[in-house]
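A short worksheet on the structure shown next.
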Amino acid sequence: MEESNLYDINLITAEDAEAVMSLVKRTFYIDEPLNQAVGLCTSESDPCHELDDYCSSSLLSGLSFKAIDHEGNVIGAMINGVCPLKMDDEIFNQAQHCKNPKFQRILYVLAQRENGAKLWEKFPNDNEIVEIKVAATDPKWRKKGIMKALIDKTEKAVKQKNIRLLRLDTSSAYSAMAAERYGYTCYYKALYKDIKMNGQPLIVPEPPHLDDRVYVKEIYS
């Protein structure tokens with residue numbers, strides 16, 4: 001059986017929200033390199049309201065998709081949201097007012113990422129961009145093309161919304177390699193040891209996750 005016949009890709013709806021968040025909490029919350037490096041969540045039951053808000057804010061955006069097996073189980077998810085091209089000041093302000101010290105360090109990395117990428121200068125004729133905020137696959141279903149299927153579905157949906165740019169940030173060396181395979185262009189790259197505040201690196205994940213990157217794909221010219 002072809003891998004594409006093992007699962008279906010559909011829009012995330014309100015009925016799926018709990019199952020999608022359950023998958024994200026036992027994969028992305030724990031495994032994402034920045035989350036892991038600061039010890040943000042050591043198990044799926046660890047609370048992180050800030051990360052919950054980050055994920056759920058775009059869950060029902062009309063651009064977020066799930067992969068389900070033939071029994072209806074959620075085995076993959078891609079949470080996408082529409083964002084303005086210029087976000088550095090907003091994220092920096094969020095970081096300053098964040099009461100969770102672990103999540104605050106992540107926000108400061110994201111703020112420096114925005115300021116380093118300067119996408120508003122690279123795409124002066126665009127006002128908004130769709131960001132792939134979270135990607136998760138059930139460990140038992142990895143290497144079966146689910147991420148590629150979710151990316152393809154997302155790209156089609158973004159084009160239908162008449163939005164030209166799709167963004168994929170990578171804190172993981174593996175997701176960076178995937179972005180390259182999917183035809184995304186890197187517009188920002190910084191070694192974690194060089195992303196500092198007050199002279200000290202903010203977060204340095206374990207190898208092979210050595211650098212922070214921003215990738216963008218122009219869906220149409």
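The way I read the labels, and the way they are meant: chains A, B, ... in the order of the structure tokens, residue 1 as the first residue of every chain, and ligand 1 as the first ligand shown, with later ones counted on from there.
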(request) Mind listing the strand (DSSP E or B) residues of chain A, per DSSP on the backbone, as a PyMOL selection string? (result) chain A and resi 7-11+65-69+74-84+128-137+165-170+185-191+196-197+200-201+211-218
(request) Compile the contact shell of Tyr29 (chain A) as number ranges by chain: residues with an atom at most 12 Å away, counting only C-alpha atoms, same-chain residues fewer than 6 positions apart removed. (result) A: 21-23, 35-52, 54-55, 103, 134-136
(request) Find the residues around Gln104 (chain A) up to 8 Å (only C-alpha atoms counted), leave out those fewer than 6 positions away in its own chain, and share them as a PyMOL selection string. (result) chain A and resi 95-96+98
Output file for the residues above (N, CA and C atoms, as a PDB file, in the first residue's frame):
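The resulting part05.pdb:
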```
ATOM      1  N   ALA A  95       8.470  39.192  25.417  1.00  0.00           N
ATOM      2  CA  ALA A  95       9.539  38.626  26.238  1.00  0.00           C
ATOM      3  C   ALA A  95       9.730  39.429  27.520  1.00  0.00           C
ATOM      4  N   GLN A  96       9.709  40.746  27.409  1.00  0.00           N
ATOM      5  CA  GLN A  96       9.918  41.591  28.581  1.00  0.00           C
ATOM      6  C   GLN A  96       8.853  41.376  29.652  1.00  0.00           C
ATOM      7  N   CYS A  98       6.968  38.533  29.972  1.00  0.00           N
ATOM      8  CA  CYS A  98       6.702  37.117  30.209  1.00  0.00           C
ATOM      9  C   CYS A  98       7.099  36.742  31.637  1.00  0.00           C
TER      10      CYS A  98
END
```
Each region 9-65 of chain A residue no farther than 12 Å from region 138-150 of chain A, nearest pair in Å, only C-alpha atoms, as JSON lines:
```
{"residue": "A:Ile9", "atom": "CA", "partner": "A:Leu150", "partner_atom": "CA", "distance": 6.8}
{"residue": "A:Asn10", "atom": "CA", "partner": "A:Leu150", "partner_atom": "CA", "distance": 8.9}
{"residue": "A:Leu11", "atom": "CA", "partner": "A:Leu150", "partner_atom": "CA", "distance": 10.0}
{"residue": "A:Ile12", "atom": "CA", "partner": "A:Leu150", "partner_atom": "CA", "distance": 11.5}
{"residue": "A:Ala19", "atom": "CA", "partner": "A:Asp138", "partner_atom": "CA", "distance": 11.7}
{"residue": "A:Val20", "atom": "CA", "partner": "A:Asp138", "partner_atom": "CA", "distance": 10.6}
{"residue": "A:Ser22", "atom": "CA", "partner": "A:Asp138", "partner_atom": "CA", "distance": 10.5}
{"residue": "A:Leu23", "atom": "CA", "partner": "A:Asp138", "partner_atom": "CA", "distance": 6.9}
{"residue": "A:Val24", "atom": "CA", "partner": "A:Asp138", "partner_atom": "CA", "distance": 8.9}
{"residue": "A:Lys25", "atom": "CA", "partner": "A:Asp138", "partner_atom": "CA", "distance": 10.9}
{"residue": "A:Arg26", "atom": "CA", "partner": "A:Asp138", "partner_atom": "CA", "distance": 8.7}
{"residue": "A:Thr27", "atom": "CA", "partner": "A:Asp138", "partner_atom": "CA", "distance": 7.3}
{"residue": "A:Phe28", "atom": "CA", "partner": "A:Asp138", "partner_atom": "CA", "distance": 10.1}
{"residue": "A:Asp31", "atom": "CA", "partner": "A:Pro139", "partner_atom": "CA", "distance": 11.0}
{"residue": "A:Leu63", "atom": "CA", "partner": "A:Leu150", "partner_atom": "CA", "distance": 10.6}
{"residue": "A:Ser64", "atom": "CA", "partner": "A:Leu150", "partner_atom": "CA", "distance": 8.9}
{"residue": "A:Phe65", "atom": "CA", "partner": "A:Leu150", "partner_atom": "CA", "distance": 6.6}
```
(message) as JSON, numbers by chain, please: the residues near Ile129 (chain A) (cut-off 8 Å, only C-alpha atoms, same-chain neighbours under 6 positions excluded).
(response) {"A": [82, 83, 84, 85, 163, 164, 165, 166, 167]}
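Remark: for Leu107 (chain A), the closest of the candidate residues A:Leu6, A:Ala173, A:Ala67, A:Leu202 is A:Leu202 (distances computed over only C-alpha atoms).
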(request) DSSP on the backbone, then: every residue of region 7-202 of chain A marked alpha helix (DSSP H), written as a PyMOL selection string. (result) chain A and resi 17-26+28-31+33-38+49-56+88-97+101-117+119-122+146-160+173-181
(message) Nearest residue to Ala190 (chain A) out of A:Pro124, A:Pro208, A:Val158, A:Gln112, using only C-alpha atoms?
(response) A:Gln112
(message) For Ile203 (chain A), find every residue with an atom within 10 Å (counting only C-alpha atoms), except residues of its own chain fewer than 3 positions away, and show them as a ChimeraX atom specification.
(response) /A:33-35,37-38,102,105-106,108-109,192-197,200,206
(request) Rank A:Asn5, A:Arg213, A:Lys153, A:Val74 by their smallest atom-to-atom distance to Met177 (chain A), using only C-alpha atoms, and report the top residue only. (result)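 Checking each of A:Asn5, A:Arg213, A:Lys153, A:Val74 against Met177 (chain A), counting only C-alpha atoms, the winner is A:Arg213.
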(request) State, in Å with one decimal place, the distance from CA of Asp126 (chain A) to CA of Asp211 (chain A). (result) 26.8 Å
